[in-house]
Amino acid sequence: MSPNESRQTRAEQREATRLKAREMREASARKERNRSLFIRLGVVVGLLAVVAIIATAIISGTAKNASGKGTPANMIYDNGIKIGTNLEAFTTSHTPAPDPNAGVGSNGQVPNIQIYLDYQCPVCNVFETANGDQIRSLVSKGAATVEIHPLSFLDHSSPNAYSSRAENAALCVATYSPNHFFDFNALLYKHQNAENTPGPENAELIQRTNEVKVTDASKIADCINNKDYGKWINDTTATVINPKYTVKGTNITVGGTPVVVVNGQNYTFGTIAELGDPARFAQFFQQASKK
């Protein structure tokens, strides 16, 4: 082999070595890029999986809160239930007839009482204890109607979220046994727990529905246990306590409970004693009935 060939061979060998080194570097770089890409892809896939899990949980939770039923039946008076003669509920298929001899307001209609309440509210209980019997008498004989608008914003006053669970139970009765709503409403107040103490659990609420002899008792029990109207309760309460909301036909807002309106007139009180005075409310009712 000639010297020139020898030198050329060594040059070729050096070039080959450089090429090999470059190929190895490029291969290593490609491997690192691929490894980095796989890591990034893995992170993205992992995040997508977490997002999917969270989304599924949110959707599932929302569905559970709404629980299929959506809107309770017979809450057709601005999200309230209206009760008339013989304590029968107004429904889409039934209108209790007032007693023509029981007396009517100046507009030719029997006076209408609207009550916004929370079943955990102790002040509401003062009004109910003082005036429940006379309202029962007026409505039962057809001399008045009453709209009851349950709200729930006092869950914080009970360790077991009694406010919303009690309202849900009342809505279950309104849906499946509306003619027993008035009695169940009164019974909830009769057994109201003190603030910051646990309210009756679901089993006791179901027992109360049986005490008023509801129909469709098994459906009501399922409705209570599943809290079928949880989402409706939250949405409706948020709407009503919004300062922009006014009692239908008036400019009266609902900033708390109880709010009592008779024929568009707001029943105001300065003290708990005034609120708990049945004679005072009877006088107010008579005066408001003429307007």
# chains A, B, ... in the order shown; residues from 1 in each chain; ligands from 1

call {"tool": "residues_around", "arguments": {"residues": "stretch 119-132 of chain A", "least_positions_apart": "2", "cutoff": "9 Å", "atoms": "only C-alpha atoms", "output": "PyMOL selection string"}}
result
chain A and resi 116-117+134-137+150-155+157-158+162-164+166-167+185-186+188-190+192-195+199+257-259+272-273+275-279+281-282

call {"tool": "residues_around", "arguments": {"residues": "stretch 241-247 of chain A", "least_positions_apart": "4", "cutoff": "9 Å", "atoms": "only C-alpha atoms", "output": "ChimeraX atom specification"}}
result
/A:78,114,151,236-237,251-256,261,264

call {"tool": "residues_around", "arguments": {"residues": "A:Val173", "least_positions_apart": "2", "cutoff": "10 Å", "atoms": "only C-alpha atoms", "output": "compact mmCIF listing (two decimals) with C-alpha atoms, in the first residue's frame"}}
result
# COMPACT_ATOMS: atom_id res chain seq x y z
CA PRO A 72 -91.32 19.68 42.49
CA ALA A 73 -94.95 19.47 41.45
CA ASN A 74 -97.56 21.97 42.60
CA GLU A 167 -87.65 21.88 52.83
CA ASN A 168 -86.94 18.96 50.55
CA ALA A 169 -89.27 16.78 52.65
CA ALA A 170 -91.99 19.43 52.37
CA LEU A 171 -91.51 19.58 48.60
CA THR A 175 -95.41 16.68 44.88
CA TYR A 176 -96.94 13.36 45.92
CA SER A 177 -99.53 14.29 48.54
CA PRO A 178 -100.27 18.02 48.18
CA ASN A 179 -103.46 18.02 50.26
CA HIS A 180 -101.34 17.04 53.27
CA PHE A 181 -98.81 19.83 52.79
CA PHE A 182 -100.41 22.27 55.23
CA PHE A 184 -96.89 18.62 57.35
CA ASN A 185 -95.73 22.22 57.26
CA THR A 209 -95.10 12.32 56.75
CA VAL A 214 -99.72 11.15 53.25
CA THR A 215 -100.53 9.21 50.12
CA ASP A 216 -97.72 7.67 48.04
CA ALA A 217 -95.70 7.26 51.25
CA LYS A 219 -92.38 7.67 46.86
CA ILE A 220 -92.15 10.41 49.46
CA ALA A 221 -89.68 8.36 51.52
CA CYS A 223 -87.74 11.48 47.60
CA ILE A 224 -86.61 12.46 51.10

call {"tool": "residues_around", "arguments": {"residues": "A:Gly80", "least_positions_apart": "4", "cutoff": "7 Å", "atoms": "only C-alpha atoms", "output": "NGL selection string"}}
result
:A and (75-76 or 147-149)

call {"tool": "select_by_dssp", "arguments": {"residues": "stretch 171-211 of chain A", "states": "helix (DSSP H, G or I)", "output": "list of chain:residue names"}}
result
A:Leu171, A:Cys172, A:Val173, A:Ala174, A:Thr175, A:Tyr176, A:Pro178, A:Asn179, A:His180, A:Phe181, A:Phe182, A:Asp183, A:Phe184, A:Asn185, A:Ala186, A:Leu187, A:Leu188, A:Tyr189, A:Lys190, A:Asn202, A:Ala203, A:Glu204, A:Leu205, A:Ile206, A:Gln207, A:Arg208, A:Thr209, A:Asn210, A:Glu211

call {"tool": "write_last_selection", "arguments": {"atoms": "C-alpha atoms", "output": "compact mmCIF listing (two decimals), in the first residue's frame"}}
result
# COMPACT_ATOMS: atom_id res chain seq x y z
CA LEU A 171 -91.51 19.58 48.60
CA CYS A 172 -91.78 15.79 48.40
CA VAL A 173 -95.13 16.02 50.19
CA ALA A 174 -96.19 18.87 47.89
CA THR A 175 -95.41 16.68 44.88
CA TYR A 176 -96.94 13.36 45.92
CA PRO A 178 -100.27 18.02 48.18
CA ASN A 179 -103.46 18.02 50.26
CA HIS A 180 -101.34 17.04 53.27
CA PHE A 181 -98.81 19.83 52.79
CA PHE A 182 -100.41 22.27 55.23
CA ASP A 183 -100.45 19.72 58.05
CA PHE A 184 -96.89 18.62 57.35
CA ASN A 185 -95.73 22.22 57.26
CA ALA A 186 -97.19 22.77 60.75
CA LEU A 187 -95.70 19.53 62.06
CA LEU A 188 -92.20 20.53 60.95
CA TYR A 189 -92.44 23.63 63.13
CA LYS A 190 -93.88 21.69 66.03
CA ASN A 202 -84.46 11.59 57.31
CA ALA A 203 -86.02 8.64 59.12
CA GLU A 204 -87.81 11.02 61.49
CA LEU A 205 -88.92 13.27 58.62
CA ILE A 206 -90.39 10.21 56.92
CA GLN A 207 -92.13 9.29 60.17
CA ARG A 208 -93.67 12.78 60.25
CA THR A 209 -95.10 12.32 56.75
CA ASN A 210 -96.80 9.15 57.96
CA GLU A 211 -98.22 11.02 60.95

call {"tool": "atom_distance", "arguments": {"atom1": "atom CA of A:Val139", "atom2": "atom CA of A:Gly84"}}
result
5.5 Å

call {"tool": "select_by_dssp", "arguments": {"residues": "stretch 84-283 of chain A", "states": "strand (DSSP E or B)", "output": "list in words"}}
result
Gly84, Glu88, Ala89, Thr91, His94, Asn112, Ile113, Gln114, Ile115, Tyr116, Leu117, Asp118, Thr145, Val146, Glu147, Ile148, His149, Pro150, Leu151, Val259, Val260, Val261, Val262, Gln265 and Asn266 of chain A

call {"tool": "write_last_selection", "arguments": {"atoms": "N, CA and C atoms", "output": "PDB file, in the first residue's frame"}}
result
ATOM      1  N   GLY A  84    -106.158  26.030  49.763  1.00  0.00           N
ATOM      2  CA  GLY A  84    -107.481  26.645  49.857  1.00  0.00           C
ATOM      3  C   GLY A  84    -108.440  25.849  50.718  1.00  0.00           C
ATOM      4  N   GLU A  88    -107.053  22.003  50.907  1.00  0.00           N
ATOM      5  CA  GLU A  88    -106.692  21.340  49.654  1.00  0.00           C
ATOM      6  C   GLU A  88    -105.768  22.244  48.844  1.00  0.00           C
ATOM      7  N   ALA A  89    -104.821  21.617  48.166  1.00  0.00           N
ATOM      8  CA  ALA A  89    -103.852  22.368  47.379  1.00  0.00           C
ATOM      9  C   ALA A  89    -104.414  22.719  46.007  1.00  0.00           C
ATOM     10  N   THR A  91    -103.742  22.792  42.293  1.00  0.00           N
ATOM     11  CA  THR A  91    -102.871  22.090  41.360  1.00  0.00           C
ATOM     12  C   THR A  91    -103.291  22.453  39.945  1.00  0.00           C
ATOM     13  N   HIS A  94    -106.828  20.983  39.821  1.00  0.00           N
ATOM     14  CA  HIS A  94    -107.813  21.159  40.900  1.00  0.00           C
ATOM     15  C   HIS A  94    -107.713  22.555  41.497  1.00  0.00           C
ATOM     16  N   ASN A 112    -105.639  36.608  50.161  1.00  0.00           N
ATOM     17  CA  ASN A 112    -104.542  35.654  49.972  1.00  0.00           C
ATOM     18  C   ASN A 112    -103.380  36.007  50.891  1.00  0.00           C
ATOM     19  N   ILE A 113    -102.920  35.024  51.650  1.00  0.00           N
ATOM     20  CA  ILE A 113    -101.782  35.190  52.561  1.00  0.00           C
ATOM     21  C   ILE A 113    -100.561  34.534  51.923  1.00  0.00           C
ATOM     22  N   GLN A 114     -99.478  35.276  51.814  1.00  0.00           N
ATOM     23  CA  GLN A 114     -98.223  34.736  51.279  1.00  0.00           C
ATOM     24  C   GLN A 114     -97.196  34.695  52.411  1.00  0.00           C
ATOM     25  N   ILE A 115     -96.590  33.531  52.606  1.00  0.00           N
ATOM     26  CA  ILE A 115     -95.621  33.370  53.690  1.00  0.00           C
ATOM     27  C   ILE A 115     -94.320  32.808  53.128  1.00  0.00           C
ATOM     28  N   TYR A 116     -93.221  33.526  53.365  1.00  0.00           N
ATOM     29  CA  TYR A 116     -91.879  33.058  53.008  1.00  0.00           C
ATOM     30  C   TYR A 116     -91.204  32.610  54.302  1.00  0.00           C
ATOM     31  N   LEU A 117     -90.728  31.380  54.323  1.00  0.00           N
ATOM     32  CA  LEU A 117     -90.258  30.804  55.585  1.00  0.00           C
ATOM     33  C   LEU A 117     -89.061  29.881  55.369  1.00  0.00           C
ATOM     34  N   ASP A 118     -88.379  29.615  56.456  1.00  0.00           N
ATOM     35  CA  ASP A 118     -87.301  28.625  56.508  1.00  0.00           C
ATOM     36  C   ASP A 118     -87.605  27.739  57.712  1.00  0.00           C
ATOM     37  N   THR A 145    -106.959  32.122  51.315  1.00  0.00           N
ATOM     38  CA  THR A 145    -106.017  31.149  50.773  1.00  0.00           C
ATOM     39  C   THR A 145    -104.639  31.493  51.341  1.00  0.00           C
ATOM     40  N   VAL A 146    -103.747  30.533  51.338  1.00  0.00           N
ATOM     41  CA  VAL A 146    -102.396  30.791  51.812  1.00  0.00           C
ATOM     42  C   VAL A 146    -101.396  30.197  50.828  1.00  0.00           C
ATOM     43  N   GLU A 147    -100.422  30.992  50.468  1.00  0.00           N
ATOM     44  CA  GLU A 147     -99.291  30.529  49.657  1.00  0.00           C
ATOM     45  C   GLU A 147     -98.096  30.356  50.580  1.00  0.00           C
ATOM     46  N   ILE A 148     -97.514  29.196  50.562  1.00  0.00           N
ATOM     47  CA  ILE A 148     -96.336  28.931  51.388  1.00  0.00           C
ATOM     48  C   ILE A 148     -95.128  28.774  50.477  1.00  0.00           C
ATOM     49  N   HIS A 149     -94.115  29.586  50.755  1.00  0.00           N
ATOM     50  CA  HIS A 149     -92.901  29.617  49.946  1.00  0.00           C
ATOM     51  C   HIS A 149     -91.713  29.194  50.818  1.00  0.00           C
ATOM     52  N   PRO A 150     -91.389  27.905  50.847  1.00  0.00           N
ATOM     53  CA  PRO A 150     -90.248  27.467  51.668  1.00  0.00           C
ATOM     54  C   PRO A 150     -88.919  27.904  51.035  1.00  0.00           C
ATOM     55  N   LEU A 151     -87.998  28.330  51.891  1.00  0.00           N
ATOM     56  CA  LEU A 151     -86.643  28.678  51.478  1.00  0.00           C
ATOM     57  C   LEU A 151     -85.652  27.913  52.351  1.00  0.00           C
ATOM     58  N   VAL A 259     -91.399  36.423  56.005  1.00  0.00           N
ATOM     59  CA  VAL A 259     -92.045  37.537  55.318  1.00  0.00           C
ATOM     60  C   VAL A 259     -93.491  37.117  55.105  1.00  0.00           C
ATOM     61  N   VAL A 260     -94.418  37.939  55.605  1.00  0.00           N
ATOM     62  CA  VAL A 260     -95.847  37.626  55.535  1.00  0.00           C
ATOM     63  C   VAL A 260     -96.554  38.780  54.828  1.00  0.00           C
ATOM     64  N   VAL A 261     -97.291  38.432  53.785  1.00  0.00           N
ATOM     65  CA  VAL A 261     -97.977  39.438  52.973  1.00  0.00           C
ATOM     66  C   VAL A 261     -99.441  39.024  52.844  1.00  0.00           C
ATOM     67  N   VAL A 262    -100.341  39.957  53.079  1.00  0.00           N
ATOM     68  CA  VAL A 262    -101.772  39.700  52.905  1.00  0.00           C
ATOM     69  C   VAL A 262    -102.324  40.692  51.892  1.00  0.00           C
ATOM     70  N   GLN A 265    -100.129  43.501  51.147  1.00  0.00           N
ATOM     71  CA  GLN A 265     -99.711  44.340  52.271  1.00  0.00           C
ATOM     72  C   GLN A 265     -98.732  43.575  53.158  1.00  0.00           C
ATOM     73  N   ASN A 266     -97.596  44.203  53.436  1.00  0.00           N
ATOM     74  CA  ASN A 266     -96.547  43.554  54.222  1.00  0.00           C
ATOM     75  C   ASN A 266     -96.866  43.626  55.714  1.00  0.00           C
TER      76      ASN A 266
END

call {"tool": "atom_distance", "arguments": {"atom1": "atom CA of A:Pro198", "atom2": "atom CA of A:Ile233"}}
result
19.8 Å
